Each structure stands twice: as structure tokens, then as C-alpha cells.
file work.cif (mmCIF, C-alpha atoms)
data_my_file
#
loop_
_atom_site.label_atom_id
_atom_site.label_comp_id
_atom_site.auth_asym_id
_atom_site.auth_seq_id
_atom_site.Cartn_x
_atom_site.Cartn_y
_atom_site.Cartn_z
CA MET A 1 85.31 86.23 92.33
CA SER A 2 82.68 88.04 90.29
CA ALA A 3 82.51 91.30 92.25
CA ASP A 4 84.55 94.31 91.24
CA TYR A 5 84.12 96.54 94.25
CA PRO A 6 86.38 99.60 94.44
CA TYR A 7 88.78 100.11 97.32
CA GLY A 8 91.16 102.76 98.55
CA TYR A 9 94.87 102.19 98.35
CA CYS A 10 94.95 103.69 101.84
CA GLY A 11 92.55 101.04 103.17
CA MET A 12 89.21 102.76 102.71
CA PRO A 13 86.59 100.16 101.73
CA CYS A 14 85.00 102.39 99.09
CA ALA A 15 81.97 100.15 98.42
CA LEU A 16 80.95 100.62 102.06
CA CYS A 17 81.13 104.43 101.88
CA SER A 18 78.01 106.58 101.70
CA ARG A 19 79.52 108.55 98.76
CA TYR A 20 79.77 105.33 96.73
CA ASN A 21 76.26 104.24 97.77
CA THR A 22 74.47 107.30 96.47
CA GLN A 23 72.82 108.23 93.20
CA GLY A 24 73.50 111.11 90.86
CA THR A 25 76.48 113.34 90.23
CA SER A 26 77.71 113.24 93.83
CA ARG A 27 78.37 109.49 93.58
CA CYS A 28 82.05 108.60 93.89
CA PRO A 29 83.09 105.52 91.87
CA GLY A 30 85.76 104.65 94.45
CA CYS A 31 89.49 105.18 94.60
CA SER A 32 90.60 102.12 92.62
CA HIS A 33 88.16 103.25 89.91
CA ASP A 34 89.66 106.77 89.77
CA GLY A 35 87.21 108.31 92.21
CA TYR A 36 87.02 111.89 93.40
CA TYR A 37 89.89 111.73 95.85
CA THR A 38 92.56 109.96 93.79
CA GLU A 39 94.15 112.96 92.09
CA PRO A 40 95.27 114.77 95.28
CA CYS A 41 95.96 111.55 97.22
CA LYS A 42 99.65 110.90 97.90
CA VAL A 43 98.93 107.33 99.04
CA HIS A 44 97.11 106.57 95.79
CA HIS A 45 100.04 107.89 93.73
CA CYS A 46 102.59 106.05 95.87
CA CYS A 47 100.86 102.67 95.55
CA LYS A 48 100.28 103.12 91.82
CA SER A 49 103.94 104.05 91.25
CA LYS A 50 105.06 100.94 93.19
CA GLY A 51 102.53 98.67 91.47
CA LEU A 52 100.77 97.85 94.76
CA VAL A 53 97.07 97.20 95.30
CA GLN A 54 97.18 98.58 98.84
CA CYS A 55 99.56 99.99 101.48
CA GLY A 56 99.50 96.81 103.54
CA LYS A 57 101.36 95.08 100.68
CA CYS A 58 104.24 97.57 100.81
CA PRO A 59 107.57 96.51 102.35
CA ASP A 60 107.78 100.03 103.83
CA TYR A 61 104.41 99.73 105.60
CA PRO A 62 103.64 101.49 107.86
CA CYS A 63 105.06 104.74 106.56
CA LEU A 64 104.62 108.40 107.37
CA ARG A 65 102.57 109.03 104.23
CA LEU A 66 99.81 106.67 105.37
CA GLY A 67 100.25 107.51 109.04
CA SER A 68 99.56 111.18 108.42
CA MET A 69 96.16 110.45 106.84
CA SER A 70 93.28 111.04 109.20
CA ASP A 71 89.87 109.41 109.28
CA PHE A 72 87.22 110.97 107.05
CA SER A 73 85.64 114.01 108.65
CA ASP A 74 82.13 113.22 107.36
CA LEU A 75 82.07 109.49 108.10
CA ASP A 76 82.91 107.65 111.32
CA THR A 77 85.04 104.74 110.14
CA ASN A 78 86.76 103.85 113.42
CA HIS A 79 90.19 104.00 111.74
CA VAL A 80 89.24 101.61 108.94
CA LYS A 81 92.29 102.53 106.86
CA LEU A 82 94.64 101.21 109.52
CA ARG A 83 92.47 98.15 110.22
CA THR A 84 92.34 97.31 106.51
CA SER A 85 96.08 97.75 106.01
CA GLU A 86 96.82 95.57 109.03
CA ALA A 87 94.41 92.86 107.83
CA ILE A 88 96.00 92.82 104.38
CA LYS A 89 99.48 92.68 105.86
CA GLU A 90 98.51 89.77 108.15
CA ARG A 91 96.01 87.78 106.05
CA GLY A 92 96.84 88.84 102.51
CA TRP A 93 94.97 90.73 99.83
CA ASP A 94 92.80 87.87 98.57
CA ALA A 95 91.40 86.96 102.00
CA TRP A 96 90.69 90.60 102.83
CA TYR A 97 89.07 91.31 99.45
CA GLU A 98 86.84 88.25 99.66
CA ASP A 99 85.54 89.35 103.08
CA TYR A 100 85.18 92.92 101.84
CA CYS A 101 83.07 91.83 98.86
CA THR A 102 80.83 89.84 101.20
CA LYS A 103 80.39 92.91 103.42
CA ALA A 104 79.61 95.04 100.35
CA ASP A 105 76.98 92.53 99.18
CA LEU A 106 75.41 92.51 102.66
CA LEU A 107 75.40 96.31 102.80
CA LYS A 108 73.70 96.45 99.40
CA GLU A 109 70.98 94.15 100.78
CA ALA A 110 70.64 96.24 103.93
CA LEU A 111 70.34 99.47 101.93
CA GLU A 112 67.63 97.94 99.74
CA ARG A 113 65.61 96.39 102.58
CA TYR A 114 66.11 98.65 105.63
CA ASN A 115 67.02 102.16 104.45
CA ASP A 116 63.97 104.33 105.03
CA GLY A 117 65.70 107.33 103.48
CA ARG A 118 67.46 108.38 106.67
CA MET A 119 69.68 105.39 107.38
CA LYS A 120 72.22 105.27 104.54
CA ARG A 121 75.07 106.93 106.43
CA TRP A 122 74.30 104.94 109.58
CA LEU A 123 74.22 101.67 107.63
CA CYS A 124 77.48 102.48 105.84
CA GLU A 125 79.20 103.27 109.14
CA LEU A 126 77.81 100.08 110.69
CA PHE A 127 79.26 97.99 107.87
CA ILE A 128 82.60 99.84 107.84
CA LYS A 129 83.06 99.36 111.58
CA GLY A 130 81.47 95.92 112.02
CA ASP A 131 83.14 92.56 111.77
CA LEU A 132 81.94 90.22 109.04
CA GLU A 133 80.57 87.44 111.23
CA SER A 134 78.46 89.85 113.32
CA LEU A 135 77.14 91.52 110.18
CA LYS A 136 76.22 88.16 108.63
CA ALA A 137 74.34 87.20 111.80
CA LEU A 138 72.54 90.57 111.87
CA ILE A 139 71.41 90.29 108.25
CA GLU A 140 70.29 86.71 108.79
CA LYS A 141 68.07 87.78 111.73
CA ALA A 142 66.85 90.85 109.84
CA ARG A 143 65.66 88.81 106.86
CA ASN A 144 62.76 87.67 109.05
CA LEU A 145 61.54 91.21 109.74
CA ASP A 146 58.06 92.04 108.56
CA GLY A 147 56.22 95.29 107.98
CA ASP A 148 56.62 98.26 105.73
CA LEU A 149 59.99 99.88 105.10
CA LYS A 150 59.75 102.27 108.04
CA GLN A 151 58.90 99.41 110.43
CA ARG A 152 61.70 97.21 109.07
CA ALA A 153 64.21 100.08 109.35
CA LYS A 154 63.27 100.69 112.99
CA ALA A 155 63.40 96.97 113.78
CA PHE A 156 66.76 96.61 112.01
CA ARG A 157 68.29 99.39 114.10
CA ALA A 158 66.97 97.75 117.25
CA LEU A 159 68.41 94.39 116.18
CA SER A 160 71.81 95.97 115.59
CA GLU A 161 71.86 97.34 119.13
CA GLN A 162 71.30 93.93 120.75
#

call {"tool": "encode", "arguments": {"input": "work.cif", "output": "C-alpha cells"}}
result
Amino acid sequence: MSADYPYGYCGMPCALCSRYNTQGTSRCPGCSHDGYYTEPCKVHHCCKSKGLVQCGKCPDYPCLRLGSMSDFSDLDTNHVKLRTSEAIKERGWDAWYEDYCTKADLLKEALERYNDGRMKRWLCELFIKGDLESLKALIEKARNLDGDLKQRAKAFRALSEQ
């Protein structure tokens, strides 16, 4: 796999986060790339000390350390950390990471083609919460949208609500 998308040891898909998908000094490189939140994060330190790529790989999963982590206050992720950890526990790291990279590639396309300057957070939340097959189908339909960026953004939002 050629992608090197960052991820959170807790289950946060960093490449789908609005902080990762921004420009300038406020851009977070992602947890697995020593992002902003790694130093104070107990889950990050725990996984690193155990040599684990993610909590779902831990024989002690689920544990209180991960269970006490809440969702992000500035981003509606619909409990993505738990969903990610469960997926990795059930399907394995490689299967999850492959799907995650596909979602990150699709989000990158969506941000380039349909973000009119006001949709980044909404798009990131859509891709964090959405299942891969639905997102693939949405992008496939959206590729046929015409018009300027503002028209495509409005049409994309309408397509996502169908």
C-alpha cells in the first residue's frame, strides 16, 4: 500500500479529521506522526509502550484507559474511536487500514471538488461517520456533477442526503 495516512492509537482516523485537512500552522500531522495530541495522550503512550499499532490489537482491549476517552468536542465522530477499535479487533489491522486509506483518498477528492470554503468540517464528519461502500457510491454519483464550485458543493450536499 502506497499511502501513509496517520491514525490515532485510540481509533481516531486522523486523515479524516478537519485538523489534519487544513493548511498552515494549525494543521495537525496526526497521532501516529507525533501530532498535537500525542504528548498528553495516555492511550498513545500505552500502545507505544506495548508495541501496538492500535488499541484493538491489545489483549486487554477494551480497557478503562480507552473507555474513559470521550468523543472530540469540536468534531462529531459518532464514536469513531470505538468503531475503529472494534473493526480492528474483528477484521484485523490490514483490512481496516486499507479501507481507511480508501476513505482518506475519497475525502481528499471531495475536499478538492466540493468544498466551497464552508464544507470542510461537514465533509470530514461525513467521511468519519459514513461506511465505505456508501461513500464510494456517493463520490461516484458526484463525479457527474457540473457547474462551478458553489453549485457542485450544493449538489453534493443534496446527493449525500438522498

call {"tool": "closest_atom_pairs", "arguments": {"input": "work.cif", "of": "region 26-107 of chain A", "to": "region 9-15 of chain A", "cutoff": "7 Å", "atoms": "only C-alpha atoms", "output": "CSV"}}
result
residue,atom,partner,partner_atom,distance
A:Gly30,CA,A:Cys14,CA,5.2
A:Cys31,CA,A:Cys14,CA,6.9
A:Val43,CA,A:Cys10,CA,6.1
A:His44,CA,A:Tyr9,CA,5.5
A:Cys47,CA,A:Tyr9,CA,6.6
A:Val53,CA,A:Tyr9,CA,6.2
A:Gln54,CA,A:Tyr9,CA,4.3
A:Cys55,CA,A:Cys10,CA,5.9
A:Leu66,CA,A:Cys10,CA,6.7
A:Val80,CA,A:Met12,CA,6.3
A:Lys81,CA,A:Gly11,CA,4.0
A:Leu82,CA,A:Gly11,CA,6.7
A:Thr84,CA,A:Gly11,CA,5.0
A:Ser85,CA,A:Gly11,CA,5.6
A:Ala104,CA,A:Ala15,CA,6.0

call {"tool": "resolve_selection", "arguments": {"input": "work.cif", "expression": "the PyMOL selection byres ((chain A and resi 72) around 12)", "output": "JSON, numbers by chain"}}
result
{"A": [10, 11, 12, 14, 17, 18, 19, 37, 69, 70, 71, 73, 74, 75, 76, 77, 78, 79, 80, 81, 125]}

call {"tool": "resolve_selection", "arguments": {"input": "work.cif", "expression": "the PyMOL selection byres ((chain A and resi 155) around 12)", "output": "list of chain:residue names"}}
result
A:Arg113, A:Tyr114, A:Asn115, A:Asp116, A:Leu138, A:Ile139, A:Lys141, A:Ala142, A:Arg143, A:Asn144, A:Leu145, A:Asp146, A:Gly147, A:Asp148, A:Leu149, A:Lys150, A:Gln151, A:Arg152, A:Ala153, A:Lys154, A:Phe156, A:Arg157, A:Ala158, A:Leu159, A:Ser160, A:Glu161, A:Gln162

call {"tool": "write_last_selection", "arguments": {"input": "work.cif", "atoms": "C-alpha atoms", "output": "JSON list (two decimals), keeping the file's coordinate frame"}}
result
[["chain", "number", "residue", "atom", "x", "y", "z"],
["A", 113, "ARG", "CA", 65.61, 96.39, 102.58],
["A", 114, "TYR", "CA", 66.11, 98.65, 105.63],
["A", 115, "ASN", "CA", 67.02, 102.16, 104.45],
["A", 116, "ASP", "CA", 63.97, 104.33, 105.03],
["A", 138, "LEU", "CA", 72.54, 90.57, 111.87],
["A", 139, "ILE", "CA", 71.41, 90.29, 108.25],
["A", 141, "LYS", "CA", 68.07, 87.78, 111.73],
["A", 142, "ALA", "CA", 66.85, 90.85, 109.84],
["A", 143, "ARG", "CA", 65.66, 88.81, 106.86],
["A", 144, "ASN", "CA", 62.76, 87.67, 109.05],
["A", 145, "LEU", "CA", 61.54, 91.21, 109.74],
["A", 146, "ASP", "CA", 58.06, 92.04, 108.56],
["A", 147, "GLY", "CA", 56.22, 95.29, 107.98],
["A", 148, "ASP", "CA", 56.62, 98.26, 105.73],
["A", 149, "LEU", "CA", 59.99, 99.88, 105.10],
["A", 150, "LYS", "CA", 59.75, 102.27, 108.04],
["A", 151, "GLN", "CA", 58.90, 99.41, 110.43],
["A", 152, "ARG", "CA", 61.70, 97.21, 109.07],
["A", 153, "ALA", "CA", 64.21, 100.08, 109.35],
["A", 154, "LYS", "CA", 63.27, 100.69, 112.99],
["A", 156, "PHE", "CA", 66.76, 96.61, 112.01],
["A", 157, "ARG", "CA", 68.29, 99.39, 114.10],
["A", 158, "ALA", "CA", 66.97, 97.75, 117.25],
["A", 159, "LEU", "CA", 68.41, 94.39, 116.18],
["A", 160, "SER", "CA", 71.81, 95.97, 115.59],
["A", 161, "GLU", "CA", 71.86, 97.34, 119.13],
["A", 162, "GLN", "CA", 71.30, 93.93, 120.75]]

call {"tool": "atom_distance", "arguments": {"input": "work.cif", "atom1": "CA of Leu64 (chain A)", "atom2": "CA of Gly92 (chain A)"}}
result
21.6 Å

call {"tool": "atom_distance", "arguments": {"input": "work.cif", "atom1": "CA of Thr102 (chain A)", "atom2": "CA of Tyr5 (chain A)"}}
result
10.2 Å

call {"tool": "atom_distance", "arguments": {"input": "work.cif", "atom1": "CA of Tyr61 (chain A)", "atom2": "CA of Trp96 (chain A)"}}
result
16.7 Å

call {"tool": "resolve_selection", "arguments": {"input": "work.cif", "expression": "the PyMOL selection byres ((chain A and resi 99-101) around 10)", "output": "VMD selection string"}}
result
chain A and resid 1 to 7 13 to 16 84 94 to 98 102 to 107 127 to 128 131 to 133

call {"tool": "closest_residue", "arguments": {"input": "work.cif", "among": "A:Ser32, A:Ser49, A:Asn21, A:Thr38", "to": "Leu123 (chain A)", "atoms": "only C-alpha atoms"}}
result
A:Asn21

call {"tool": "closest_residue", "arguments": {"input": "work.cif", "among": "A:Glu109, A:Gly8, A:Glu140, A:Gly56", "to": "Pro29 (chain A)", "atoms": "all atoms listed in the file"}}
result
A:Gly8

call {"tool": "closest_residue", "arguments": {"input": "work.cif", "among": "A:Arg27, A:Ala110, A:Asp60, A:Thr22", "to": "Lys136 (chain A)", "atoms": "only C-alpha atoms"}}
result
A:Ala110

call {"tool": "decode", "arguments": {"input": "work.cif", "residues": "region 1-107 of chain A", "atoms": "C-alpha atoms", "output": "JSON list (two decimals), in the first residue's frame"}}
result
[["chain", "number", "residue", "atom", "x", "y", "z"],
["A", 1, "MET", "CA", 0.00, 0.00, 0.00],
["A", 2, "SER", "CA", 1.47, 3.35, -1.01],
["A", 3, "ALA", "CA", -0.47, 5.61, 1.36],
["A", 4, "ASP", "CA", 0.95, 6.63, 4.71],
["A", 5, "TYR", "CA", -2.07, 8.16, 6.37],
["A", 6, "PRO", "CA", -1.78, 8.91, 10.08],
["A", 7, "TYR", "CA", -4.10, 7.32, 12.61],
["A", 8, "GLY", "CA", -4.80, 7.55, 16.31],
["A", 9, "TYR", "CA", -3.84, 4.72, 18.58],
["A", 10, "CYS", "CA", -7.24, 5.30, 20.19],
["A", 11, "GLY", "CA", -9.04, 4.74, 16.88],
["A", 12, "MET", "CA", -9.28, 8.27, 15.54],
["A", 13, "PRO", "CA", -8.87, 8.20, 11.75],
["A", 14, "CYS", "CA", -6.61, 11.26, 11.68],
["A", 15, "ALA", "CA", -6.58, 11.69, 7.89],
["A", 16, "LEU", "CA", -10.35, 12.21, 8.03],
["A", 17, "CYS", "CA", -10.12, 14.93, 10.69],
["A", 18, "SER", "CA", -10.58, 18.61, 9.85],
["A", 19, "ARG", "CA", -7.38, 19.48, 11.81],
["A", 20, "TYR", "CA", -5.36, 17.20, 9.51],
["A", 21, "ASN", "CA", -7.11, 18.56, 6.39],
["A", 22, "THR", "CA", -6.19, 22.18, 6.95],
["A", 23, "GLN", "CA", -3.33, 24.40, 5.87],
["A", 24, "GLY", "CA", -0.88, 26.40, 7.94],
["A", 25, "THR", "CA", 0.36, 26.17, 11.50],
["A", 26, "SER", "CA", -2.91, 24.80, 12.88],
["A", 27, "ARG", "CA", -2.55, 21.63, 10.80],
["A", 28, "CYS", "CA", -2.09, 18.50, 12.91],
["A", 29, "PRO", "CA", 0.08, 15.81, 11.28],
["A", 30, "GLY", "CA", -1.89, 13.06, 13.03],
["A", 31, "CYS", "CA", -1.27, 10.98, 16.11],
["A", 32, "SER", "CA", 0.88, 8.25, 14.55],
["A", 33, "HIS", "CA", 3.03, 11.06, 13.12],
["A", 34, "ASP", "CA", 3.50, 12.69, 16.55],
["A", 35, "GLY", "CA", 0.61, 15.12, 16.19],
["A", 36, "TYR", "CA", -0.58, 17.74, 18.65],
["A", 37, "TYR", "CA", -2.39, 15.39, 21.00],
["A", 38, "THR", "CA", 0.18, 12.61, 21.42],
["A", 39, "GLU", "CA", 2.18, 14.01, 24.33],
["A", 40, "PRO", "CA", -0.70, 14.18, 26.85],
["A", 41, "CYS", "CA", -2.47, 11.08, 25.49],
["A", 42, "LYS", "CA", -2.38, 8.08, 27.82],
["A", 43, "VAL", "CA", -3.66, 5.75, 25.08],
["A", 44, "HIS", "CA", -0.86, 6.83, 22.75],
["A", 45, "HIS", "CA", 1.77, 6.16, 25.43],
["A", 46, "CYS", "CA", 0.19, 2.83, 26.38],
["A", 47, "CYS", "CA", 0.13, 1.50, 22.80],
["A", 48, "LYS", "CA", 3.66, 2.72, 22.10],
["A", 49, "SER", "CA", 4.98, 1.08, 25.29],
["A", 50, "LYS", "CA", 3.30, -2.22, 24.31],
["A", 51, "GLY", "CA", 4.45, -2.01, 20.68],
["A", 52, "LEU", "CA", 0.86, -1.90, 19.38],
["A", 53, "VAL", "CA", -0.43, -0.01, 16.35],
["A", 54, "GLN", "CA", -3.86, 0.45, 17.91],
["A", 55, "CYS", "CA", -5.95, -0.43, 20.99],
["A", 56, "GLY", "CA", -8.00, -3.02, 19.12],
["A", 57, "LYS", "CA", -4.82, -5.14, 18.87],
["A", 58, "CYS", "CA", -4.34, -5.21, 22.64],
["A", 59, "PRO", "CA", -5.17, -8.39, 24.58],
["A", 60, "ASP", "CA", -6.56, -6.13, 27.33],
["A", 61, "TYR", "CA", -8.98, -4.37, 24.96],
["A", 62, "PRO", "CA", -11.35, -2.86, 25.94],
["A", 63, "CYS", "CA", -9.76, -1.22, 28.95],
["A", 64, "LEU", "CA", -10.64, 1.67, 31.21],
["A", 65, "ARG", "CA", -7.98, 3.92, 29.66],
["A", 66, "LEU", "CA", -9.68, 3.83, 26.26],
["A", 67, "GLY", "CA", -13.17, 3.66, 27.71],
["A", 68, "SER", "CA", -12.69, 6.92, 29.59],
["A", 69, "MET", "CA", -11.85, 8.83, 26.39],
["A", 70, "SER", "CA", -14.75, 10.84, 25.07],
["A", 71, "ASP", "CA", -15.53, 11.87, 21.51],
["A", 72, "PHE", "CA", -13.90, 15.07, 20.30],
["A", 73, "SER", "CA", -15.77, 18.15, 21.44],
["A", 74, "ASP", "CA", -15.24, 20.05, 18.18],
["A", 75, "LEU", "CA", -16.00, 17.23, 15.74],
["A", 76, "ASP", "CA", -18.98, 14.87, 15.61],
["A", 77, "THR", "CA", -17.39, 11.48, 15.02],
["A", 78, "ASN", "CA", -20.26, 9.24, 16.17],
["A", 79, "HIS", "CA", -17.90, 7.32, 18.49],
["A", 80, "VAL", "CA", -15.37, 6.56, 15.76],
["A", 81, "LYS", "CA", -12.70, 5.51, 18.27],
["A", 82, "LEU", "CA", -14.83, 2.63, 19.49],
["A", 83, "ARG", "CA", -15.97, 1.70, 15.97],
["A", 84, "THR", "CA", -12.37, 1.66, 14.74],
["A", 85, "SER", "CA", -11.11, -0.41, 17.66],
["A", 86, "GLU", "CA", -13.92, -2.92, 17.21],
["A", 87, "ALA", "CA", -13.26, -3.17, 13.46],
["A", 88, "ILE", "CA", -9.55, -3.79, 14.04],
["A", 89, "LYS", "CA", -10.29, -6.38, 16.70],
["A", 90, "GLU", "CA", -12.75, -8.20, 14.39],
["A", 91, "ARG", "CA", -11.21, -7.75, 10.92],
["A", 92, "GLY", "CA", -7.58, -7.03, 11.68],
["A", 93, "TRP", "CA", -5.33, -4.04, 11.19],
["A", 94, "ASP", "CA", -4.55, -4.55, 7.49],
["A", 95, "ALA", "CA", -8.20, -4.77, 6.40],
["A", 96, "TRP", "CA", -9.14, -1.72, 8.46],
["A", 97, "TYR", "CA", -6.16, 0.32, 7.24],
["A", 98, "GLU", "CA", -6.84, -0.50, 3.60],
["A", 99, "ASP", "CA", -10.46, 0.70, 3.94],
["A", 100, "TYR", "CA", -9.30, 3.75, 5.88],
["A", 101, "CYS", "CA", -6.83, 4.74, 3.16],
["A", 102, "THR", "CA", -9.58, 4.42, 0.56],
["A", 103, "LYS", "CA", -11.83, 6.69, 2.65],
["A", 104, "ALA", "CA", -8.98, 9.20, 3.04],
["A", 105, "ASP", "CA", -8.39, 9.23, -0.73],
["A", 106, "LEU", "CA", -12.12, 9.77, -1.34],
["A", 107, "LEU", "CA", -12.24, 12.58, 1.23]]
